[in-house]
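Asks: Enclosed is the structure file coords-v2.cif (mmCIF, N, CA and C atoms).
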```cif
data_coords
#
loop_
_atom_site.label_atom_id
_atom_site.label_comp_id
_atom_site.auth_asym_id
_atom_site.auth_seq_id
_atom_site.Cartn_x
_atom_site.Cartn_y
_atom_site.Cartn_z
N MET A 645 5.66 -37.52 -37.47
CA MET A 645 5.65 -36.46 -38.43
C MET A 645 4.88 -35.30 -37.85
N ASP A 646 5.30 -34.07 -38.17
CA ASP A 646 4.56 -32.93 -37.67
C ASP A 646 3.28 -32.75 -38.48
N ASP A 647 2.46 -31.76 -38.10
CA ASP A 647 1.15 -31.58 -38.74
C ASP A 647 1.25 -31.34 -40.24
N GLU A 648 2.33 -30.74 -40.69
CA GLU A 648 2.47 -30.43 -42.11
C GLU A 648 3.20 -31.53 -42.88
N GLY A 649 3.62 -32.54 -42.18
CA GLY A 649 4.29 -33.64 -42.86
C GLY A 649 5.73 -33.34 -43.25
N THR A 650 6.36 -32.34 -42.61
CA THR A 650 7.71 -31.98 -43.00
C THR A 650 8.77 -32.47 -42.01
N GLY A 651 8.35 -32.99 -40.87
CA GLY A 651 9.31 -33.45 -39.88
C GLY A 651 9.78 -34.86 -40.18
N PRO A 652 10.78 -35.33 -39.42
CA PRO A 652 11.26 -36.69 -39.62
C PRO A 652 10.21 -37.70 -39.20
N PRO A 653 10.26 -38.90 -39.74
CA PRO A 653 9.31 -39.92 -39.32
C PRO A 653 9.46 -40.18 -37.82
N GLN A 654 8.36 -40.51 -37.16
CA GLN A 654 8.40 -40.73 -35.72
C GLN A 654 9.36 -41.85 -35.34
N ASP A 655 9.50 -42.85 -36.19
CA ASP A 655 10.37 -43.96 -35.85
C ASP A 655 11.78 -43.79 -36.41
N ALA A 656 12.14 -42.56 -36.78
CA ALA A 656 13.48 -42.30 -37.29
C ALA A 656 14.44 -42.21 -36.10
N ALA A 657 14.72 -43.35 -35.53
CA ALA A 657 15.67 -43.46 -34.44
C ALA A 657 16.54 -44.66 -34.74
N ARG A 658 17.71 -44.65 -34.20
CA ARG A 658 18.63 -45.76 -34.46
C ARG A 658 18.27 -46.99 -33.64
N ILE A 659 17.67 -46.77 -32.45
CA ILE A 659 17.43 -47.89 -31.53
C ILE A 659 16.05 -47.76 -30.89
N ALA A 660 15.42 -48.91 -30.70
CA ALA A 660 14.15 -48.99 -29.97
C ALA A 660 14.25 -50.13 -28.97
N LEU A 661 13.31 -50.16 -28.04
CA LEU A 661 13.23 -51.23 -27.05
C LEU A 661 11.88 -51.92 -27.18
N THR A 662 11.86 -53.23 -27.05
CA THR A 662 10.59 -53.93 -26.93
C THR A 662 10.07 -53.70 -25.51
N ASP A 663 8.79 -53.99 -25.30
CA ASP A 663 8.21 -53.87 -23.96
C ASP A 663 8.94 -54.79 -22.99
N ALA A 664 9.29 -55.98 -23.44
CA ALA A 664 10.01 -56.93 -22.58
C ALA A 664 11.38 -56.39 -22.17
N ALA A 665 12.08 -55.77 -23.11
CA ALA A 665 13.39 -55.19 -22.78
C ALA A 665 13.24 -54.04 -21.80
N ALA A 666 12.23 -53.20 -22.00
CA ALA A 666 12.00 -52.08 -21.07
C ALA A 666 11.68 -52.60 -19.67
N ALA A 667 10.86 -53.64 -19.58
CA ALA A 667 10.51 -54.22 -18.28
C ALA A 667 11.76 -54.78 -17.59
N LEU A 668 12.60 -55.46 -18.33
CA LEU A 668 13.83 -56.00 -17.75
C LEU A 668 14.75 -54.87 -17.30
N LEU A 669 14.84 -53.82 -18.09
CA LEU A 669 15.68 -52.68 -17.69
C LEU A 669 15.16 -52.04 -16.40
N ARG A 670 13.85 -51.94 -16.23
CA ARG A 670 13.30 -51.41 -14.97
C ARG A 670 13.72 -52.28 -13.79
N SER A 671 13.64 -53.59 -13.97
CA SER A 671 14.03 -54.51 -12.91
C SER A 671 15.54 -54.40 -12.60
N LEU A 672 16.34 -54.37 -13.63
CA LEU A 672 17.79 -54.25 -13.45
C LEU A 672 18.16 -52.91 -12.81
N ARG A 673 17.46 -51.85 -13.20
CA ARG A 673 17.73 -50.51 -12.63
C ARG A 673 17.44 -50.52 -11.14
N ALA A 674 16.35 -51.18 -10.74
CA ALA A 674 15.99 -51.25 -9.32
C ALA A 674 17.06 -51.98 -8.50
N ARG A 675 17.70 -52.95 -9.11
CA ARG A 675 18.72 -53.74 -8.40
C ARG A 675 20.12 -53.16 -8.48
N HIS A 676 20.46 -52.50 -9.60
CA HIS A 676 21.85 -52.13 -9.86
C HIS A 676 22.10 -50.63 -10.02
N GLY A 677 21.06 -49.83 -10.04
CA GLY A 677 21.24 -48.40 -10.26
C GLY A 677 21.28 -48.08 -11.75
N PRO A 678 21.75 -46.88 -12.11
CA PRO A 678 21.78 -46.46 -13.52
C PRO A 678 22.53 -47.47 -14.40
N LEU A 679 22.04 -47.60 -15.64
CA LEU A 679 22.53 -48.64 -16.55
C LEU A 679 23.08 -48.07 -17.84
N MET A 680 23.79 -48.92 -18.55
CA MET A 680 24.28 -48.61 -19.90
C MET A 680 24.36 -49.91 -20.69
N PHE A 681 24.35 -49.77 -22.02
CA PHE A 681 24.61 -50.89 -22.92
C PHE A 681 25.89 -50.63 -23.68
N HIS A 682 26.57 -51.72 -24.03
CA HIS A 682 27.66 -51.64 -25.00
C HIS A 682 27.53 -52.83 -25.93
N GLN A 683 27.69 -52.57 -27.20
CA GLN A 683 27.63 -53.61 -28.24
C GLN A 683 28.96 -53.59 -28.98
N SER A 684 29.69 -54.69 -28.88
CA SER A 684 31.02 -54.71 -29.48
C SER A 684 31.05 -55.31 -30.86
N GLY A 685 30.30 -56.38 -31.06
CA GLY A 685 30.37 -57.09 -32.34
C GLY A 685 31.51 -58.07 -32.40
N GLY A 686 32.07 -58.39 -31.26
CA GLY A 686 33.23 -59.27 -31.26
C GLY A 686 33.06 -60.48 -30.40
N CYS A 687 33.97 -60.68 -29.48
CA CYS A 687 34.07 -61.91 -28.70
C CYS A 687 32.91 -62.09 -27.73
N CYS A 688 33.06 -62.99 -26.84
CA CYS A 688 32.10 -63.32 -25.79
C CYS A 688 30.77 -63.75 -26.39
N ASP A 689 29.81 -62.86 -26.42
CA ASP A 689 28.48 -63.21 -26.91
C ASP A 689 28.28 -62.74 -28.34
N GLY A 690 29.34 -62.72 -29.12
CA GLY A 690 29.21 -62.27 -30.51
C GLY A 690 28.87 -60.81 -30.55
N SER A 691 27.70 -60.49 -31.06
CA SER A 691 27.33 -59.08 -31.13
C SER A 691 26.11 -58.79 -30.28
N ALA A 692 25.94 -59.52 -29.18
CA ALA A 692 24.84 -59.27 -28.27
C ALA A 692 25.11 -58.00 -27.47
N PRO A 693 24.07 -57.20 -27.22
CA PRO A 693 24.28 -56.02 -26.38
C PRO A 693 24.51 -56.44 -24.94
N MET A 694 25.47 -55.84 -24.31
CA MET A 694 25.81 -56.15 -22.93
C MET A 694 25.34 -55.01 -22.06
N CYS A 695 24.65 -55.34 -20.96
CA CYS A 695 24.12 -54.34 -20.05
C CYS A 695 25.00 -54.30 -18.80
N TYR A 696 25.41 -53.10 -18.42
CA TYR A 696 26.30 -52.90 -17.27
C TYR A 696 25.75 -51.79 -16.38
N PRO A 697 26.18 -51.74 -15.13
CA PRO A 697 25.94 -50.52 -14.36
C PRO A 697 26.63 -49.37 -15.10
N GLU A 698 25.97 -48.24 -15.15
CA GLU A 698 26.51 -47.09 -15.88
C GLU A 698 27.94 -46.79 -15.41
N GLY A 699 28.84 -46.65 -16.38
CA GLY A 699 30.22 -46.34 -16.09
C GLY A 699 31.10 -47.54 -15.82
N GLU A 700 30.52 -48.72 -15.64
CA GLU A 700 31.35 -49.90 -15.37
C GLU A 700 32.16 -50.31 -16.58
N PHE A 701 31.57 -50.17 -17.76
CA PHE A 701 32.30 -50.43 -19.00
C PHE A 701 32.88 -49.10 -19.46
N ARG A 702 34.16 -49.06 -19.62
CA ARG A 702 34.81 -47.80 -20.02
C ARG A 702 34.75 -47.64 -21.53
N THR A 703 34.10 -46.57 -21.94
CA THR A 703 34.03 -46.25 -23.36
C THR A 703 35.17 -45.31 -23.70
N GLY A 704 35.50 -45.26 -24.98
CA GLY A 704 36.59 -44.40 -25.41
C GLY A 704 36.38 -43.91 -26.83
N ASP A 705 37.46 -43.47 -27.44
CA ASP A 705 37.40 -42.94 -28.80
C ASP A 705 36.96 -43.97 -29.83
N SER A 706 37.06 -45.25 -29.49
CA SER A 706 36.66 -46.29 -30.43
C SER A 706 35.20 -46.70 -30.25
N ASP A 707 34.44 -45.92 -29.47
CA ASP A 707 33.03 -46.20 -29.23
C ASP A 707 32.17 -45.01 -29.65
N VAL A 708 30.92 -45.33 -30.06
CA VAL A 708 29.96 -44.32 -30.50
C VAL A 708 28.73 -44.42 -29.61
N LEU A 709 28.26 -43.28 -29.09
CA LEU A 709 27.01 -43.26 -28.34
C LEU A 709 25.88 -43.13 -29.35
N LEU A 710 25.12 -44.22 -29.55
CA LEU A 710 24.04 -44.22 -30.54
C LEU A 710 22.77 -43.59 -30.02
N ALA A 711 22.49 -43.76 -28.74
CA ALA A 711 21.23 -43.25 -28.20
C ALA A 711 21.31 -43.20 -26.68
N GLU A 712 20.48 -42.33 -26.14
CA GLU A 712 20.20 -42.32 -24.71
C GLU A 712 18.74 -42.73 -24.62
N LEU A 713 18.51 -43.97 -24.29
CA LEU A 713 17.18 -44.56 -24.33
C LEU A 713 16.34 -44.15 -23.12
N ALA A 714 15.16 -43.64 -23.40
CA ALA A 714 14.21 -43.31 -22.34
C ALA A 714 13.39 -44.55 -22.04
N VAL A 715 13.36 -44.92 -20.77
CA VAL A 715 12.60 -46.09 -20.33
C VAL A 715 11.61 -45.61 -19.27
N ALA A 716 10.33 -45.88 -19.47
CA ALA A 716 9.32 -45.48 -18.49
C ALA A 716 9.69 -45.96 -17.10
N ASP A 717 9.55 -45.09 -16.12
CA ASP A 717 9.83 -45.38 -14.71
C ASP A 717 11.31 -45.59 -14.40
N VAL A 718 12.17 -45.24 -15.32
CA VAL A 718 13.62 -45.21 -15.05
C VAL A 718 14.00 -43.73 -15.10
N PRO A 719 14.55 -43.20 -14.01
CA PRO A 719 14.75 -41.75 -13.93
C PRO A 719 15.78 -41.15 -14.87
N GLU A 720 16.71 -41.94 -15.34
CA GLU A 720 17.73 -41.41 -16.24
C GLU A 720 17.76 -42.25 -17.52
N PRO A 721 18.25 -41.66 -18.61
CA PRO A 721 18.35 -42.44 -19.85
C PRO A 721 19.40 -43.54 -19.72
N VAL A 722 19.22 -44.57 -20.54
CA VAL A 722 20.16 -45.69 -20.60
C VAL A 722 20.98 -45.50 -21.87
N GLY A 723 22.26 -45.19 -21.71
CA GLY A 723 23.13 -44.99 -22.86
C GLY A 723 23.35 -46.28 -23.62
N PHE A 724 23.33 -46.20 -24.95
CA PHE A 724 23.61 -47.36 -25.78
C PHE A 724 24.82 -47.04 -26.62
N TRP A 725 25.93 -47.69 -26.31
CA TRP A 725 27.21 -47.49 -26.98
C TRP A 725 27.49 -48.65 -27.91
N MET A 726 28.23 -48.38 -28.96
CA MET A 726 28.65 -49.41 -29.90
C MET A 726 30.07 -49.12 -30.34
N SER A 727 30.84 -50.17 -30.55
CA SER A 727 32.19 -49.95 -31.07
C SER A 727 32.07 -49.28 -32.44
N ALA A 728 33.00 -48.39 -32.72
CA ALA A 728 32.97 -47.64 -33.99
C ALA A 728 33.04 -48.57 -35.19
N ASP A 729 33.81 -49.65 -35.09
CA ASP A 729 33.89 -50.62 -36.19
C ASP A 729 32.54 -51.26 -36.47
N GLN A 730 31.84 -51.64 -35.40
CA GLN A 730 30.51 -52.24 -35.55
C GLN A 730 29.54 -51.22 -36.13
N PHE A 731 29.59 -49.99 -35.64
CA PHE A 731 28.69 -48.94 -36.15
C PHE A 731 28.93 -48.70 -37.63
N ALA A 732 30.17 -48.77 -38.07
CA ALA A 732 30.47 -48.57 -39.50
C ALA A 732 29.74 -49.62 -40.35
N ARG A 733 29.59 -50.82 -39.82
CA ARG A 733 28.88 -51.88 -40.55
C ARG A 733 27.36 -51.76 -40.42
N TRP A 734 26.88 -51.24 -39.30
CA TRP A 734 25.45 -51.22 -39.00
C TRP A 734 24.82 -49.83 -39.13
N ARG A 735 25.50 -48.86 -39.66
CA ARG A 735 25.00 -47.48 -39.66
C ARG A 735 23.71 -47.29 -40.45
N HIS A 736 23.38 -48.21 -41.33
CA HIS A 736 22.15 -48.11 -42.12
C HIS A 736 21.04 -49.01 -41.55
N THR A 737 21.19 -49.39 -40.30
CA THR A 737 20.32 -50.39 -39.70
C THR A 737 19.61 -49.85 -38.46
N HIS A 738 18.30 -50.07 -38.39
CA HIS A 738 17.54 -49.78 -37.18
C HIS A 738 17.66 -51.00 -36.26
N LEU A 739 17.96 -50.76 -35.00
CA LEU A 739 18.16 -51.83 -34.03
C LEU A 739 17.04 -51.82 -33.00
N THR A 740 16.55 -52.99 -32.67
CA THR A 740 15.57 -53.11 -31.59
C THR A 740 16.15 -54.06 -30.55
N VAL A 741 16.25 -53.57 -29.32
CA VAL A 741 16.73 -54.39 -28.21
C VAL A 741 15.55 -55.21 -27.71
N ASP A 742 15.74 -56.52 -27.65
CA ASP A 742 14.70 -57.44 -27.20
C ASP A 742 15.30 -58.35 -26.13
N VAL A 743 14.46 -59.20 -25.56
CA VAL A 743 14.88 -60.17 -24.54
C VAL A 743 14.35 -61.53 -24.94
N VAL A 744 15.18 -62.55 -24.79
CA VAL A 744 14.76 -63.92 -25.06
C VAL A 744 15.24 -64.82 -23.92
N PRO A 745 14.57 -65.95 -23.74
CA PRO A 745 15.04 -66.91 -22.73
C PRO A 745 16.41 -67.44 -23.12
N GLY A 746 17.19 -67.79 -22.14
CA GLY A 746 18.50 -68.37 -22.39
C GLY A 746 19.57 -67.58 -21.68
N ARG A 747 20.66 -68.20 -21.49
CA ARG A 747 21.76 -67.55 -20.76
C ARG A 747 22.71 -66.90 -21.75
N GLY A 748 22.90 -65.63 -21.55
CA GLY A 748 23.87 -64.89 -22.35
C GLY A 748 25.21 -64.88 -21.66
N SER A 749 25.94 -63.82 -21.84
CA SER A 749 27.26 -63.69 -21.25
C SER A 749 27.17 -63.46 -19.76
N GLY A 750 28.11 -64.01 -19.03
CA GLY A 750 28.19 -63.77 -17.60
C GLY A 750 28.52 -62.34 -17.26
N PHE A 751 28.95 -61.54 -18.23
CA PHE A 751 29.31 -60.15 -17.97
C PHE A 751 28.10 -59.22 -17.96
N SER A 752 27.01 -59.61 -18.59
CA SER A 752 25.85 -58.75 -18.71
C SER A 752 24.92 -58.96 -17.53
N LEU A 753 24.33 -57.89 -17.02
CA LEU A 753 23.56 -57.94 -15.78
C LEU A 753 22.37 -58.89 -15.79
N GLU A 754 21.80 -59.15 -16.96
CA GLU A 754 20.61 -60.01 -17.01
C GLU A 754 20.93 -61.49 -16.95
N ALA A 755 22.19 -61.88 -17.07
CA ALA A 755 22.57 -63.29 -17.15
C ALA A 755 22.00 -64.15 -16.01
N PRO A 756 22.05 -63.70 -14.75
CA PRO A 756 21.51 -64.54 -13.68
C PRO A 756 19.99 -64.76 -13.75
N ASP A 757 19.29 -63.94 -14.53
CA ASP A 757 17.84 -64.04 -14.64
C ASP A 757 17.38 -65.09 -15.65
N GLY A 758 18.33 -65.75 -16.32
CA GLY A 758 17.97 -66.79 -17.29
C GLY A 758 17.43 -66.25 -18.60
N VAL A 759 17.72 -64.99 -18.87
CA VAL A 759 17.34 -64.35 -20.14
C VAL A 759 18.55 -63.62 -20.68
N ARG A 760 18.42 -63.18 -21.93
CA ARG A 760 19.51 -62.39 -22.49
C ARG A 760 18.94 -61.35 -23.45
N PHE A 761 19.63 -60.22 -23.50
CA PHE A 761 19.28 -59.20 -24.48
C PHE A 761 19.79 -59.66 -25.84
N LEU A 762 19.09 -59.28 -26.88
CA LEU A 762 19.57 -59.50 -28.23
C LEU A 762 19.09 -58.35 -29.10
N ILE A 763 19.68 -58.26 -30.28
CA ILE A 763 19.33 -57.20 -31.24
C ILE A 763 18.56 -57.81 -32.39
N ARG A 764 17.46 -57.18 -32.70
CA ARG A 764 16.72 -57.47 -33.94
C ARG A 764 16.97 -56.26 -34.83
N SER A 765 17.19 -56.49 -36.11
CA SER A 765 17.56 -55.37 -36.97
C SER A 765 16.81 -55.39 -38.29
N ARG A 766 16.77 -54.23 -38.89
CA ARG A 766 16.22 -54.06 -40.24
C ARG A 766 16.91 -52.85 -40.85
N LEU A 767 16.96 -52.81 -42.16
CA LEU A 767 17.54 -51.65 -42.83
C LEU A 767 16.61 -50.45 -42.67
N PHE A 768 17.21 -49.28 -42.57
CA PHE A 768 16.41 -48.06 -42.55
C PHE A 768 15.68 -47.89 -43.87
N THR A 769 14.52 -47.27 -43.81
CA THR A 769 13.85 -46.86 -45.03
C THR A 769 14.59 -45.64 -45.57
N ASP A 770 14.34 -45.29 -46.82
CA ASP A 770 14.96 -44.09 -47.39
C ASP A 770 14.60 -42.85 -46.57
N GLU A 771 13.35 -42.78 -46.11
CA GLU A 771 12.89 -41.63 -45.32
C GLU A 771 13.63 -41.56 -43.98
N GLU A 772 13.79 -42.68 -43.31
CA GLU A 772 14.51 -42.71 -42.04
C GLU A 772 15.98 -42.32 -42.25
N ARG A 773 16.59 -42.88 -43.26
CA ARG A 773 18.00 -42.57 -43.56
C ARG A 773 18.19 -41.08 -43.77
N ALA A 774 17.30 -40.47 -44.54
CA ALA A 774 17.39 -39.03 -44.80
C ALA A 774 17.20 -38.24 -43.50
N ALA A 775 16.24 -38.66 -42.67
CA ALA A 775 15.97 -37.95 -41.42
C ALA A 775 17.14 -38.03 -40.46
N LEU A 776 17.88 -39.14 -40.52
CA LEU A 776 19.02 -39.33 -39.63
C LEU A 776 20.32 -38.77 -40.21
N GLY A 777 20.24 -38.22 -41.40
CA GLY A 777 21.41 -37.59 -41.99
C GLY A 777 22.39 -38.56 -42.60
N GLY A 778 21.93 -39.66 -43.09
CA GLY A 778 22.92 -40.53 -43.66
C GLY A 778 22.39 -41.64 -44.45
#
```
Would you mind writing the file's structure down as structure tokens?

Replies:
Amino acid sequence: MDDEGTGPPQDAARIALTDAAAALLRSLRARHGPLMFHQSGGCCDGSAPMCYPEGEFRTGDSDVLLAELAVADVPEPVGFWMSADQFARWRHTHLTVDVVPGRGSGFSLEAPDGVRFLIRSRLFTDEERAALGG
């Protein structure tokens, strides 16, 4: 919030990263170059976020760019894309990208590390919803 209390809440963002997710992204960036996420909500790993080298997953009109995530010590933002159908269901939800032990999809870059990305979610507060325009 700004000094006068008129700005949006500081956490009025659609997506956040846990420290563990940021650390894993730094490691993956060092090995694979610029990164991106895509969350489909469908097959393979259900609705787990999939991490790819940037541009490896082709996005299109049926995808929404939710955020360009800033990660400390990663020189470029990490785009987070979601299928439009999934976004229609989750548009009132704050998402936090986290990491847990276990093997996720073979398509996501973290799979060989024995961990997987997952989404933790909560509904936006009224203040966050208003700040985000919806």

Asks: From the set A:Ser706, A:Thr769, A:Thr662, A:Ser671, which residue has the shortest atom-to-atom contact distance to A:Gln730, counting only N, CA and C atoms?

Replies: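 Of A:Ser706, A:Thr769, A:Thr662, A:Ser671, the one nearest A:Gln730, counting only N, CA and C atoms, is A:Ser706.
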
Asks: On this structure, which residues satisfy the PyMOL selection byres ((chain A and resi 721) around 8), written as a ChimeraX atom specification?

Replies: /A:678-680,711-715,718-720,722-724

Asks: Could you work out how far atom C of A:Pro697 lies from atom C of A:Gly677, giving the answer in Å with one decimal?

Replies: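 Computing the Euclidean distance for atom C of A:Gly677 and atom C of A:Pro697 yields 6.4 Å.
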
Asks: Would you write out, as a list in words, every residue that the PyMOL selection byres ((chain A and resi 695) around 6.5) captures in this file?

Replies: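 Written out, the selection comes to Met680, Phe681, His682, Pro693, Met694, Tyr696, Pro697, Phe751, Ser752, Leu753 and Glu754 of chain A.
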
Asks: Mind working out the centre and edge lengths of an axis-aligned box for stretch 752-759 of chain A, all listed atoms inside, 4 Å added to each side, rounded to one decimal in Å and written as lines of an AutoDock Vina configuration file?

Replies:
```
center_x = 22.2
center_y = -62.3
center_z = -17.2
size_x = 17.7
size_y = 16.9
size_z = 15.0
```

Asks: Using only C-alpha atoms, determine which residues lie at most 12 Å from A:Leu762, disregarding the query and same-chain residues fewer than 3 positions distant; provide the list as an mmCIF file with N, CA and C atoms, in the coordinates of the input.

Replies:
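Result file is out07.cif:
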```cif
data_model
loop_
_atom_site.group_PDB
_atom_site.id
_atom_site.type_symbol
_atom_site.label_atom_id
_atom_site.label_comp_id
_atom_site.auth_asym_id
_atom_site.auth_seq_id
_atom_site.Cartn_x
_atom_site.Cartn_y
_atom_site.Cartn_z
ATOM 1 N N ALA A 660 15.420 -48.910 -30.700
ATOM 2 C CA ALA A 660 14.150 -48.990 -29.970
ATOM 3 C C ALA A 660 14.250 -50.130 -28.970
ATOM 4 N N LEU A 661 13.310 -50.160 -28.040
ATOM 5 C CA LEU A 661 13.230 -51.230 -27.050
ATOM 6 C C LEU A 661 11.880 -51.920 -27.180
ATOM 7 N N THR A 662 11.860 -53.230 -27.050
ATOM 8 C CA THR A 662 10.590 -53.930 -26.930
ATOM 9 C C THR A 662 10.070 -53.700 -25.510
ATOM 10 N N ALA A 664 9.290 -55.980 -23.440
ATOM 11 C CA ALA A 664 10.010 -56.930 -22.580
ATOM 12 C C ALA A 664 11.380 -56.390 -22.170
ATOM 13 N N ALA A 665 12.080 -55.770 -23.110
ATOM 14 C CA ALA A 665 13.390 -55.190 -22.780
ATOM 15 C C ALA A 665 13.240 -54.040 -21.800
ATOM 16 N N PHE A 681 24.350 -49.770 -22.020
ATOM 17 C CA PHE A 681 24.610 -50.890 -22.920
ATOM 18 C C PHE A 681 25.890 -50.630 -23.680
ATOM 19 N N HIS A 682 26.570 -51.720 -24.030
ATOM 20 C CA HIS A 682 27.660 -51.640 -25.000
ATOM 21 C C HIS A 682 27.530 -52.830 -25.930
ATOM 22 N N GLN A 683 27.690 -52.570 -27.200
ATOM 23 C CA GLN A 683 27.630 -53.610 -28.240
ATOM 24 C C GLN A 683 28.960 -53.590 -28.980
ATOM 25 N N GLY A 685 30.300 -56.380 -31.060
ATOM 26 C CA GLY A 685 30.370 -57.090 -32.340
ATOM 27 C C GLY A 685 31.510 -58.070 -32.400
ATOM 28 N N ASP A 689 29.810 -62.860 -26.420
ATOM 29 C CA ASP A 689 28.480 -63.210 -26.910
ATOM 30 C C ASP A 689 28.280 -62.740 -28.340
ATOM 31 N N GLY A 690 29.340 -62.720 -29.120
ATOM 32 C CA GLY A 690 29.210 -62.270 -30.510
ATOM 33 C C GLY A 690 28.870 -60.810 -30.550
ATOM 34 N N SER A 691 27.700 -60.490 -31.060
ATOM 35 C CA SER A 691 27.330 -59.080 -31.130
ATOM 36 C C SER A 691 26.110 -58.790 -30.280
ATOM 37 N N ALA A 692 25.940 -59.520 -29.180
ATOM 38 C CA ALA A 692 24.840 -59.270 -28.270
ATOM 39 C C ALA A 692 25.110 -58.000 -27.470
ATOM 40 N N PRO A 693 24.070 -57.200 -27.220
ATOM 41 C CA PRO A 693 24.280 -56.020 -26.380
ATOM 42 C C PRO A 693 24.510 -56.440 -24.940
ATOM 43 N N MET A 694 25.470 -55.840 -24.310
ATOM 44 C CA MET A 694 25.810 -56.150 -22.930
ATOM 45 C C MET A 694 25.340 -55.010 -22.060
ATOM 46 N N CYS A 695 24.650 -55.340 -20.960
ATOM 47 C CA CYS A 695 24.120 -54.340 -20.050
ATOM 48 C C CYS A 695 25.000 -54.300 -18.800
ATOM 49 N N LEU A 739 17.960 -50.760 -35.000
ATOM 50 C CA LEU A 739 18.160 -51.830 -34.030
ATOM 51 C C LEU A 739 17.040 -51.820 -33.000
ATOM 52 N N THR A 740 16.550 -52.990 -32.670
ATOM 53 C CA THR A 740 15.570 -53.110 -31.590
ATOM 54 C C THR A 740 16.150 -54.060 -30.550
ATOM 55 N N VAL A 741 16.250 -53.570 -29.320
ATOM 56 C CA VAL A 741 16.730 -54.390 -28.210
ATOM 57 C C VAL A 741 15.550 -55.210 -27.710
ATOM 58 N N ASP A 742 15.740 -56.520 -27.650
ATOM 59 C CA ASP A 742 14.700 -57.440 -27.200
ATOM 60 C C ASP A 742 15.300 -58.350 -26.130
ATOM 61 N N VAL A 743 14.460 -59.200 -25.560
ATOM 62 C CA VAL A 743 14.880 -60.170 -24.540
ATOM 63 C C VAL A 743 14.350 -61.530 -24.940
ATOM 64 N N VAL A 744 15.180 -62.550 -24.790
ATOM 65 C CA VAL A 744 14.760 -63.920 -25.060
ATOM 66 C C VAL A 744 15.240 -64.820 -23.920
ATOM 67 N N PRO A 745 14.570 -65.950 -23.740
ATOM 68 C CA PRO A 745 15.040 -66.910 -22.730
ATOM 69 C C PRO A 745 16.410 -67.440 -23.120
ATOM 70 N N GLY A 746 17.190 -67.790 -22.140
ATOM 71 C CA GLY A 746 18.500 -68.370 -22.390
ATOM 72 C C GLY A 746 19.570 -67.580 -21.680
ATOM 73 N N ARG A 747 20.660 -68.200 -21.490
ATOM 74 C CA ARG A 747 21.760 -67.550 -20.760
ATOM 75 C C ARG A 747 22.710 -66.900 -21.750
ATOM 76 N N GLY A 748 22.900 -65.630 -21.550
ATOM 77 C CA GLY A 748 23.870 -64.890 -22.350
ATOM 78 C C GLY A 748 25.210 -64.880 -21.660
ATOM 79 N N SER A 749 25.940 -63.820 -21.840
ATOM 80 C CA SER A 749 27.260 -63.690 -21.250
ATOM 81 C C SER A 749 27.170 -63.460 -19.760
ATOM 82 N N SER A 752 27.010 -59.610 -18.590
ATOM 83 C CA SER A 752 25.850 -58.750 -18.710
ATOM 84 C C SER A 752 24.920 -58.960 -17.530
ATOM 85 N N GLU A 754 21.800 -59.150 -16.960
ATOM 86 C CA GLU A 754 20.610 -60.010 -17.010
ATOM 87 C C GLU A 754 20.930 -61.490 -16.950
ATOM 88 N N VAL A 759 17.720 -64.990 -18.870
ATOM 89 C CA VAL A 759 17.340 -64.350 -20.140
ATOM 90 C C VAL A 759 18.550 -63.620 -20.680
ATOM 91 N N SER A 765 17.190 -56.490 -36.110
ATOM 92 C CA SER A 765 17.560 -55.370 -36.970
ATOM 93 C C SER A 765 16.810 -55.390 -38.290
#
```

Asks: On this structure, the PyMOL selection byres (((chain A and resi 736 and name CA) around 12) and name CA) would catch which residues? List them as a PyMOL selection string, sorted by chain and number.

Replies: chain A and resi 656-659+730-735+737-739+765-778
